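Novice: Sharing a structure below in C-alpha coordinates format, with a few things to ask.
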Amino acid sequence: MSAINVFEQNPSGNARAESPLHHADLRSLVGKGRQNAGVTLREHKFLGHLTLRGDGHDEAFASAVQKALGLELPGALQLVSSGDTSLQWVGPDEWLLIVPGGQEVEVEQKLRDAAAGLHIQVVNVSGGQSLLELRGPNVRQVLMKSTSYDVHPNNFPVGKAVGTVFAKSQLVIRRTGEETWELVIRRSFSDYWWLWLQDASAEYGLAIEA
Amino acid sequence: MLHIFCPHCGELRSEEEFHASGQAHIARPLDPNSCTDEEWGTYMFFRDNLRGIHHELWDHVAGCRQYFNVTRNTETYEILETYKIGEQPKVTARENTPATSAAVNERGENV
(Lines give C-alpha, C1' and ligand atoms only; values in the text may rest on other atoms or scores of the structure.)
Protein backbone atom coordinates (compact mmCIF):
# COMPACT_ATOMS: atom_id res chain seq x y z
CA MET A 1 0.00 0.00 0.00
CA SER A 2 1.30 3.40 -0.89
CA ALA A 3 1.82 6.12 1.67
CA ILE A 4 -1.12 8.49 1.82
CA ASN A 5 -0.62 12.13 2.59
CA VAL A 6 -3.48 13.42 4.70
CA PHE A 7 -3.22 17.12 5.30
CA GLU A 8 -5.20 20.18 6.28
CA GLN A 9 -6.59 21.72 3.12
CA ASN A 10 -8.15 24.74 4.77
CA PRO A 11 -5.94 27.83 4.80
CA SER A 12 -4.58 28.79 8.19
CA GLY A 13 -4.59 32.26 9.66
CA ASN A 14 -6.95 34.92 8.44
CA ALA A 15 -7.24 33.91 4.81
CA ARG A 16 -10.58 35.08 3.45
CA ALA A 17 -12.90 32.30 2.40
CA GLU A 18 -15.78 32.86 0.00
CA SER A 19 -18.69 30.49 -0.23
CA PRO A 20 -20.07 29.51 -3.65
CA LEU A 21 -22.91 32.04 -3.18
CA HIS A 22 -20.71 34.79 -1.82
CA HIS A 23 -21.59 37.02 -4.74
CA ALA A 24 -25.32 36.74 -3.99
CA ASP A 25 -24.74 38.38 -0.59
CA LEU A 26 -27.45 36.31 1.09
CA ARG A 27 -26.80 38.03 4.41
CA SER A 28 -28.20 41.27 3.04
CA LEU A 29 -31.39 39.50 1.96
CA VAL A 30 -32.29 38.14 5.38
CA GLY A 31 -35.70 39.39 6.46
CA LYS A 32 -36.40 40.98 3.06
CA GLY A 33 -38.69 38.24 1.73
CA ARG A 34 -42.44 37.86 2.13
CA GLN A 35 -43.81 37.21 5.62
CA ASN A 36 -44.68 33.53 6.16
CA ALA A 37 -42.75 32.57 3.05
CA GLY A 38 -43.48 29.13 1.65
CA VAL A 39 -39.82 28.41 1.11
CA THR A 40 -36.84 29.30 3.27
CA LEU A 41 -33.38 28.94 1.78
CA ARG A 42 -30.19 28.57 3.73
CA GLU A 43 -26.71 28.07 2.38
CA HIS A 44 -24.68 25.70 4.53
CA LYS A 45 -21.24 27.13 3.95
CA PHE A 46 -17.79 25.69 4.42
CA LEU A 47 -18.81 22.19 5.44
CA GLY A 48 -16.41 19.31 5.03
CA HIS A 49 -17.48 17.03 2.17
CA LEU A 50 -15.63 13.73 1.95
CA THR A 51 -16.15 11.08 -0.68
CA LEU A 52 -15.74 7.62 0.79
CA ARG A 53 -15.33 4.59 -1.42
CA GLY A 54 -15.04 0.96 -0.48
CA ASP A 55 -16.68 -2.41 -0.81
CA GLY A 56 -20.16 -2.14 0.66
CA HIS A 57 -20.49 -5.92 0.82
CA ASP A 58 -17.37 -6.25 2.96
CA GLU A 59 -18.30 -6.62 6.63
CA ALA A 60 -14.90 -5.32 7.65
CA PHE A 61 -15.44 -2.10 5.73
CA ALA A 62 -18.90 -1.53 7.20
CA SER A 63 -17.66 -2.10 10.73
CA ALA A 64 -14.64 0.16 10.15
CA VAL A 65 -16.97 2.98 9.08
CA GLN A 66 -19.19 2.30 12.06
CA LYS A 67 -16.19 2.40 14.36
CA ALA A 68 -14.78 5.61 12.91
CA LEU A 69 -17.99 7.58 12.55
CA GLY A 70 -20.50 5.94 14.86
CA LEU A 71 -22.81 5.76 11.86
CA GLU A 72 -24.08 2.66 10.17
CA LEU A 73 -23.11 2.39 6.53
CA PRO A 74 -26.33 3.32 4.70
CA GLY A 75 -27.81 1.12 1.98
CA ALA A 76 -29.19 2.20 -1.38
CA LEU A 77 -30.68 5.73 -1.40
CA GLN A 78 -30.33 6.04 2.36
CA LEU A 79 -29.08 8.95 4.40
CA VAL A 80 -28.04 8.59 8.04
CA SER A 81 -26.96 11.36 10.32
CA SER A 82 -25.87 12.08 13.83
CA GLY A 83 -25.66 15.69 14.94
CA ASP A 84 -23.98 17.70 12.21
CA THR A 85 -22.43 14.65 10.56
CA SER A 86 -24.24 12.84 7.79
CA LEU A 87 -23.40 9.85 5.65
CA GLN A 88 -25.19 9.28 2.38
CA TRP A 89 -25.26 6.41 -0.08
CA VAL A 90 -24.20 7.68 -3.51
CA GLY A 91 -23.54 4.41 -5.31
CA PRO A 92 -22.93 0.75 -4.48
CA ASP A 93 -19.31 1.51 -3.59
CA GLU A 94 -19.50 5.22 -2.84
CA TRP A 95 -20.73 7.38 0.03
CA LEU A 96 -20.76 11.08 0.77
CA LEU A 97 -19.75 12.11 4.26
CA ILE A 98 -20.52 15.65 5.38
CA VAL A 99 -18.91 16.91 8.57
CA PRO A 100 -18.74 20.35 10.17
CA GLY A 101 -16.06 22.52 8.58
CA GLY A 102 -12.63 22.04 10.11
CA GLN A 103 -13.14 18.39 11.05
CA GLU A 104 -12.18 16.99 7.64
CA VAL A 105 -8.63 15.94 8.47
CA GLU A 106 -9.49 14.43 11.81
CA VAL A 107 -12.37 12.41 10.37
CA GLU A 108 -10.36 11.29 7.36
CA GLN A 109 -7.55 10.12 9.62
CA LYS A 110 -10.02 8.25 11.81
CA LEU A 111 -11.50 6.52 8.78
CA ARG A 112 -8.07 5.58 7.45
CA ASP A 113 -6.99 4.23 10.82
CA ALA A 114 -10.15 2.19 11.25
CA ALA A 115 -10.01 0.82 7.71
CA ALA A 116 -6.27 0.19 7.66
CA GLY A 117 -5.42 -2.58 5.21
CA LEU A 118 -8.72 -2.37 3.36
CA HIS A 119 -9.07 -1.19 -0.22
CA ILE A 120 -10.71 2.20 0.33
CA GLN A 121 -10.55 5.77 -0.83
CA VAL A 122 -11.27 8.98 1.04
CA VAL A 123 -11.18 12.24 -0.88
CA ASN A 124 -11.86 15.71 0.42
CA VAL A 125 -14.21 17.29 -2.12
CA SER A 126 -15.30 20.23 0.05
CA GLY A 127 -14.10 22.77 -2.48
CA GLY A 128 -16.16 21.28 -5.29
CA GLN A 129 -19.62 21.15 -3.84
CA SER A 130 -21.97 22.81 -1.44
CA LEU A 131 -25.18 22.26 0.45
CA LEU A 132 -28.39 24.27 0.20
CA GLU A 133 -31.20 23.72 2.67
CA LEU A 134 -34.80 24.36 1.67
CA ARG A 135 -37.42 24.44 4.36
CA GLY A 136 -41.12 25.21 4.36
CA PRO A 137 -44.56 24.01 3.31
CA ASN A 138 -44.03 24.70 -0.40
CA VAL A 139 -40.60 23.17 -0.91
CA ARG A 140 -42.19 20.07 -2.39
CA GLN A 141 -43.93 22.19 -5.04
CA VAL A 142 -40.61 23.80 -5.92
CA LEU A 143 -39.02 20.37 -6.28
CA MET A 144 -41.93 19.11 -8.37
CA LYS A 145 -41.36 21.96 -10.81
CA SER A 146 -37.69 21.18 -11.06
CA THR A 147 -37.26 17.44 -11.25
CA SER A 148 -38.92 14.46 -12.88
CA TYR A 149 -38.22 12.40 -9.78
CA ASP A 150 -41.26 11.59 -7.63
CA VAL A 151 -40.95 13.63 -4.43
CA HIS A 152 -44.30 12.55 -2.97
CA PRO A 153 -43.89 11.42 0.67
CA ASN A 154 -44.90 7.88 -0.35
CA ASN A 155 -41.86 7.67 -2.56
CA PHE A 156 -39.56 10.08 -0.76
CA PRO A 157 -39.61 9.52 3.00
CA VAL A 158 -37.39 11.39 5.41
CA GLY A 159 -33.89 9.92 5.29
CA LYS A 160 -33.85 9.28 1.56
CA ALA A 161 -31.30 10.79 -0.77
CA VAL A 162 -31.26 10.53 -4.57
CA GLY A 163 -29.06 11.84 -7.31
CA THR A 164 -31.24 12.98 -10.15
CA VAL A 165 -31.89 15.46 -12.91
CA PHE A 166 -32.89 18.88 -11.63
CA ALA A 167 -33.82 21.79 -13.89
CA LYS A 168 -31.28 21.54 -16.71
CA SER A 169 -28.53 20.00 -14.62
CA GLN A 170 -28.04 17.35 -11.95
CA LEU A 171 -27.80 17.33 -8.19
CA VAL A 172 -28.55 15.27 -5.10
CA ILE A 173 -31.85 15.75 -3.26
CA ARG A 174 -31.93 14.73 0.41
CA ARG A 175 -34.94 14.82 2.67
CA THR A 176 -33.87 15.51 6.23
CA GLY A 177 -37.21 16.42 7.78
CA GLU A 178 -40.93 16.55 7.07
CA GLU A 179 -40.56 19.95 5.45
CA THR A 180 -36.80 20.13 5.20
CA TRP A 181 -34.85 19.18 2.11
CA GLU A 182 -31.22 19.56 1.17
CA LEU A 183 -29.62 19.95 -2.22
CA VAL A 184 -26.02 18.86 -2.71
CA ILE A 185 -24.83 21.04 -5.58
CA ARG A 186 -21.71 21.48 -7.65
CA ARG A 187 -19.91 24.66 -6.73
CA SER A 188 -19.71 25.87 -10.31
CA PHE A 189 -23.48 25.51 -10.65
CA SER A 190 -24.34 27.40 -7.48
CA ASP A 191 -25.30 30.61 -9.26
CA TYR A 192 -27.54 28.67 -11.63
CA TRP A 193 -29.31 26.99 -8.70
CA TRP A 194 -29.62 30.27 -6.87
CA LEU A 195 -31.33 31.89 -9.88
CA TRP A 196 -33.45 28.81 -10.53
CA LEU A 197 -34.63 28.52 -6.93
CA GLN A 198 -35.48 32.22 -6.73
CA ASP A 199 -37.62 31.89 -9.82
CA ALA A 200 -39.23 28.58 -8.85
CA SER A 201 -40.13 29.69 -5.34
CA ALA A 202 -41.19 33.25 -6.21
CA GLU A 203 -44.91 32.39 -6.21
CA TYR A 204 -44.72 30.89 -2.72
CA GLY A 205 -42.48 33.58 -1.27
CA LEU A 206 -38.80 33.00 -0.62
CA ALA A 207 -37.13 33.88 2.64
CA ILE A 208 -33.38 33.75 3.18
CA GLU A 209 -31.54 32.64 6.26
CA ALA A 210 -27.86 33.20 6.69
CA MET B 1 -40.38 8.78 -21.68
CA LEU B 2 -39.07 5.38 -20.69
CA HIS B 3 -38.89 4.30 -17.09
CA ILE B 4 -35.76 2.29 -16.49
CA PHE B 5 -35.11 0.13 -13.45
CA CYS B 6 -31.64 0.79 -12.06
CA PRO B 7 -30.41 -2.45 -10.46
CA HIS B 8 -28.16 -0.48 -8.09
CA CYS B 9 -30.66 2.16 -6.93
CA GLY B 10 -33.37 -0.51 -6.90
CA GLU B 11 -36.12 1.62 -8.40
CA LEU B 12 -37.52 2.95 -11.63
CA ARG B 13 -36.03 6.21 -12.86
CA SER B 14 -36.83 8.39 -15.81
CA GLU B 15 -34.91 7.94 -19.01
CA GLU B 16 -33.27 11.36 -18.83
CA GLU B 17 -31.14 10.19 -15.90
CA PHE B 18 -29.49 7.55 -18.09
CA HIS B 19 -27.09 7.39 -20.95
CA ALA B 20 -26.93 4.52 -23.42
CA SER B 21 -23.43 3.23 -24.03
CA GLY B 22 -23.83 0.69 -26.79
CA GLN B 23 -23.69 -3.06 -27.00
CA ALA B 24 -23.02 -5.09 -23.85
CA HIS B 25 -21.01 -8.26 -23.23
CA ILE B 26 -18.06 -7.32 -25.42
CA ALA B 27 -15.05 -9.06 -23.95
CA ARG B 28 -11.74 -7.26 -24.34
CA PRO B 29 -9.09 -9.60 -25.76
CA LEU B 30 -6.87 -10.74 -22.89
CA ASP B 31 -3.72 -10.19 -24.91
CA PRO B 32 -4.26 -7.31 -27.35
CA ASN B 33 -0.74 -7.68 -28.73
CA SER B 34 -1.46 -11.13 -30.06
CA CYS B 35 -4.56 -10.00 -31.95
CA THR B 36 -4.51 -9.63 -35.69
CA ASP B 37 -5.55 -6.23 -37.03
CA GLU B 38 -8.83 -7.76 -38.05
CA GLU B 39 -9.54 -9.22 -34.61
CA TRP B 40 -8.70 -5.96 -32.90
CA GLY B 41 -10.68 -3.93 -35.41
CA THR B 42 -13.68 -6.17 -34.90
CA TYR B 43 -13.40 -5.79 -31.14
CA MET B 44 -12.98 -2.03 -31.36
CA PHE B 45 -15.40 -0.94 -34.01
CA PHE B 46 -17.85 -3.59 -35.11
CA ARG B 47 -21.18 -3.85 -33.30
CA ASP B 48 -24.36 -5.79 -33.85
CA ASN B 49 -27.23 -3.89 -35.34
CA LEU B 50 -30.03 -6.17 -34.32
CA ARG B 51 -33.71 -6.10 -34.94
CA GLY B 52 -35.30 -7.49 -31.82
CA ILE B 53 -33.70 -8.50 -28.53
CA HIS B 54 -30.52 -6.57 -27.86
CA HIS B 55 -28.27 -6.48 -24.79
CA GLU B 56 -27.00 -3.00 -24.09
CA LEU B 57 -24.81 -1.15 -21.66
CA TRP B 58 -26.43 1.81 -19.92
CA ASP B 59 -25.03 4.29 -17.43
CA HIS B 60 -27.07 5.85 -14.63
CA VAL B 61 -25.22 9.14 -15.03
CA ALA B 62 -27.45 11.37 -12.93
CA GLY B 63 -27.96 8.84 -10.15
CA CYS B 64 -25.52 6.27 -8.84
CA ARG B 65 -23.19 6.72 -11.84
CA GLN B 66 -22.93 2.97 -12.37
CA TYR B 67 -22.96 0.99 -15.58
CA PHE B 68 -25.41 -1.87 -15.90
CA ASN B 69 -26.92 -4.02 -18.63
CA VAL B 70 -30.29 -3.71 -20.29
CA THR B 71 -32.11 -6.20 -22.50
CA ARG B 72 -34.15 -4.15 -24.92
CA ASN B 73 -36.30 -4.90 -27.90
CA THR B 74 -35.07 -2.59 -30.65
CA GLU B 75 -38.35 -2.90 -32.52
CA THR B 76 -40.70 -1.91 -29.71
CA TYR B 77 -38.28 -0.06 -27.39
CA GLU B 78 -39.55 -2.33 -24.63
CA ILE B 79 -37.03 -2.91 -21.87
CA LEU B 80 -37.32 -6.54 -20.83
CA GLU B 81 -34.85 -6.60 -17.94
CA THR B 82 -31.92 -4.79 -16.38
CA TYR B 83 -29.09 -6.55 -14.61
CA LYS B 84 -25.73 -5.77 -13.09
CA ILE B 85 -22.39 -6.06 -14.85
CA GLY B 86 -21.08 -9.58 -14.52
CA GLU B 87 -24.52 -11.16 -14.50
CA GLN B 88 -26.05 -12.97 -17.43
CA PRO B 89 -29.32 -11.98 -19.11
CA LYS B 90 -32.44 -14.03 -18.41
CA VAL B 91 -34.08 -12.99 -21.66
CA THR B 92 -32.23 -13.98 -24.80
CA ALA B 93 -33.26 -14.22 -28.41
CA ARG B 94 -32.80 -17.45 -30.33
CA GLU B 95 -30.59 -15.72 -32.91
CA ASN B 96 -28.31 -14.59 -30.10
CA THR B 97 -27.36 -18.10 -29.08
CA PRO B 98 -24.08 -19.13 -30.71
CA ALA B 99 -24.53 -21.37 -33.71
CA THR B 100 -22.06 -23.81 -32.25
CA SER B 101 -24.10 -24.41 -29.09
CA ALA B 102 -25.36 -27.92 -28.46
CA ALA B 103 -28.98 -26.78 -28.41
CA VAL B 104 -28.82 -25.35 -31.91
CA ASN B 105 -27.02 -28.38 -33.31
CA GLU B 106 -29.56 -30.67 -31.77
CA ARG B 107 -32.43 -28.67 -33.18
CA GLY B 108 -30.72 -28.62 -36.57
CA GLU B 109 -30.52 -32.41 -36.64
CA ASN B 110 -34.14 -32.82 -35.72
CA VAL B 111 -35.53 -30.41 -38.26
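Every chain in the C-alpha coordinates takes a letter, A first, then B, and so on in the order presented; its residues are numbered from 1, and the ligands are numbered from 1 following the presented order.
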Hey, could you make a per-residue contact list for chain A against chain B with 10 Å as the cut-off, showing the nearest pair of atoms and its distance in Å to one decimal, counting only C-alpha atoms, sorted by chain and number, as a tab-separated table?

Specialist:
```
residue	atom	partner	partner_atom	distance
A:Gly75	CA	B:Cys9	CA	9.4
A:Ala76	CA	B:Cys9	CA	5.7
A:Leu77	CA	B:Cys9	CA	6.6
A:Trp89	CA	B:Cys64	CA	8.8
A:Val90	CA	B:Cys64	CA	5.7
A:Gly91	CA	B:Cys64	CA	4.5
A:Pro92	CA	B:His8	CA	6.5
A:Asp93	CA	B:Cys64	CA	9.4
A:Glu94	CA	B:Cys64	CA	8.6
A:Ser148	CA	B:Ser14	CA	7.1
A:Tyr149	CA	B:Arg13	CA	7.2
A:Asp150	CA	B:Arg13	CA	9.1
A:Val162	CA	B:Gly63	CA	6.7
A:Gly163	CA	B:Gly63	CA	4.3
A:Thr164	CA	B:Ala62	CA	5.0
A:Val165	CA	B:Ala62	CA	6.0
A:Phe166	CA	B:Ala62	CA	9.4
A:Ser169	CA	B:Ala62	CA	8.9
A:Gln170	CA	B:Ala62	CA	6.1
A:Leu171	CA	B:Ala62	CA	7.6
A:Val172	CA	B:Gly63	CA	8.2
```

Novice: Find the spatial neighbours of Glu108 in chain A, counting only C-alpha atoms, within a cut-off of 8 Å - ignore same-chain residues fewer than 5 positions away - and output them as a PyMOL selection string.

Specialist: chain A and resi 6+50+122

Novice: Chain B: which residues are alpha helix (DSSP H) by DSSP, as a ChimeraX atom specification?

Specialist: /B:37-45,102-110

Novice: Using only C-alpha atoms, which protein or nucleic acid residues come within 8 Å of range 77-94 of chain B? Drop anything in the same chain fewer than 4 positions from it, and give the result as JSON, numbers by chain.

Specialist: {"B": [4, 5, 6, 7, 8, 52, 53, 55, 67, 68, 69, 70, 71, 72, 73]}

Novice: Could you save the residues just selected, with N, CA and C atoms, as a PDB file, in the first residue's frame?

Specialist:
```
ATOM      1  N   ILE B   4     -36.778   3.329 -16.493  1.00  0.00           N
ATOM      2  CA  ILE B   4     -35.757   2.292 -16.493  1.00  0.00           C
ATOM      3  C   ILE B   4     -35.435   1.909 -15.047  1.00  0.00           C
ATOM      4  N   PHE B   5     -35.403   0.608 -14.802  1.00  0.00           N
ATOM      5  CA  PHE B   5     -35.111   0.129 -13.448  1.00  0.00           C
ATOM      6  C   PHE B   5     -33.598   0.051 -13.264  1.00  0.00           C
ATOM      7  N   CYS B   6     -33.083   0.847 -12.340  1.00  0.00           N
ATOM      8  CA  CYS B   6     -31.641   0.792 -12.060  1.00  0.00           C
ATOM      9  C   CYS B   6     -31.388  -0.311 -11.031  1.00  0.00           C
ATOM     10  N   PRO B   7     -30.608  -1.337 -11.391  1.00  0.00           N
ATOM     11  CA  PRO B   7     -30.412  -2.445 -10.461  1.00  0.00           C
ATOM     12  C   PRO B   7     -29.593  -2.059  -9.224  1.00  0.00           C
ATOM     13  N   HIS B   8     -28.930  -0.916  -9.260  1.00  0.00           N
ATOM     14  CA  HIS B   8     -28.158  -0.476  -8.089  1.00  0.00           C
ATOM     15  C   HIS B   8     -29.016   0.378  -7.164  1.00  0.00           C
ATOM     16  N   GLY B  52     -34.754  -6.586 -32.834  1.00  0.00           N
ATOM     17  CA  GLY B  52     -35.303  -7.485 -31.819  1.00  0.00           C
ATOM     18  C   GLY B  52     -34.545  -7.359 -30.507  1.00  0.00           C
ATOM     19  N   ILE B  53     -34.324  -8.495 -29.860  1.00  0.00           N
ATOM     20  CA  ILE B  53     -33.702  -8.503 -28.532  1.00  0.00           C
ATOM     21  C   ILE B  53     -32.237  -8.090 -28.610  1.00  0.00           C
ATOM     22  N   HIS B  55     -28.826  -6.724 -26.136  1.00  0.00           N
ATOM     23  CA  HIS B  55     -28.272  -6.479 -24.793  1.00  0.00           C
ATOM     24  C   HIS B  55     -27.392  -5.252 -24.863  1.00  0.00           C
ATOM     25  N   TYR B  67     -22.553   1.681 -14.356  1.00  0.00           N
ATOM     26  CA  TYR B  67     -22.961   0.993 -15.578  1.00  0.00           C
ATOM     27  C   TYR B  67     -23.742  -0.265 -15.222  1.00  0.00           C
ATOM     28  N   PHE B  68     -24.687  -0.608 -16.057  1.00  0.00           N
ATOM     29  CA  PHE B  68     -25.408  -1.865 -15.897  1.00  0.00           C
ATOM     30  C   PHE B  68     -25.910  -2.284 -17.271  1.00  0.00           C
ATOM     31  N   ASN B  69     -26.463  -3.495 -17.347  1.00  0.00           N
ATOM     32  CA  ASN B  69     -26.918  -4.022 -18.631  1.00  0.00           C
ATOM     33  C   ASN B  69     -28.433  -3.953 -18.762  1.00  0.00           C
ATOM     34  N   VAL B  70     -28.864  -3.786 -19.980  1.00  0.00           N
ATOM     35  CA  VAL B  70     -30.288  -3.712 -20.289  1.00  0.00           C
ATOM     36  C   VAL B  70     -30.572  -4.657 -21.447  1.00  0.00           C
ATOM     37  N   THR B  71     -31.643  -5.434 -21.337  1.00  0.00           N
ATOM     38  CA  THR B  71     -32.110  -6.197 -22.495  1.00  0.00           C
ATOM     39  C   THR B  71     -33.288  -5.454 -23.077  1.00  0.00           C
ATOM     40  N   ARG B  72     -33.151  -5.028 -24.320  1.00  0.00           N
ATOM     41  CA  ARG B  72     -34.151  -4.151 -24.916  1.00  0.00           C
ATOM     42  C   ARG B  72     -34.558  -4.692 -26.283  1.00  0.00           C
ATOM     43  N   ASN B  73     -35.816  -4.531 -26.581  1.00  0.00           N
ATOM     44  CA  ASN B  73     -36.299  -4.900 -27.898  1.00  0.00           C
ATOM     45  C   ASN B  73     -36.180  -3.678 -28.800  1.00  0.00           C
TER      46      ASN B  73
END
```

Novice: With a distance cut-off of 9 Å and only C-alpha atoms, select the neighbouring residues of Val99 in chain A, excluding the residue or stretch itself and same-chain residues fewer than 6 positions from it, and output the selection as a ChimeraX atom specification.

Specialist: /A:47-50,84-87,107

Novice: For the atom pair CA of Glu56 in chain B and CA of Gln23 in chain B, what is the interatomic distance in Å to one decimal place?

Specialist: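 Between CA of Glu56 in chain B and CA of Gln23 in chain B the gap is 4.4 Å.
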
Novice: At a cut-off of 12 Å, using only C-alpha atoms, what residues contact Phe7 in chain A? Leave out same-chain residues fewer than 4 positions from it and give the result as a PyMOL selection string.

Specialist: chain A and resi 11+102-109+123-124

Novice: If you count only C-alpha atoms, which residues fall within 10 Å of Ala27 in chain B, apart from same-chain ones fewer than 3 positions away, as an mmCIF file with C-alpha atoms, in the first residue's frame?

Specialist:
```cif
data_model
loop_
_atom_site.group_PDB
_atom_site.id
_atom_site.type_symbol
_atom_site.label_atom_id
_atom_site.label_comp_id
_atom_site.auth_asym_id
_atom_site.auth_seq_id
_atom_site.Cartn_x
_atom_site.Cartn_y
_atom_site.Cartn_z
ATOM 1 C CA ALA B 24 -23.020 -5.094 -23.853
ATOM 2 C CA LEU B 30 -6.872 -10.744 -22.893
ATOM 3 C CA TYR B 43 -13.405 -5.790 -31.138
#
```

Novice: Calculate how many Å separate CA of His25 in chain B from CA of Glu38 in chain B, rounding to one decimal.

Specialist: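 A separation of 19.2 Å between them.
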
Novice: So how many Å separate CA of Trp196 in chain A and CA of Asn36 in chain A, to one decimal?

Specialist: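 Computed distance, CA of Trp196 in chain A to CA of Asn36 in chain A, equals 20.7 Å.
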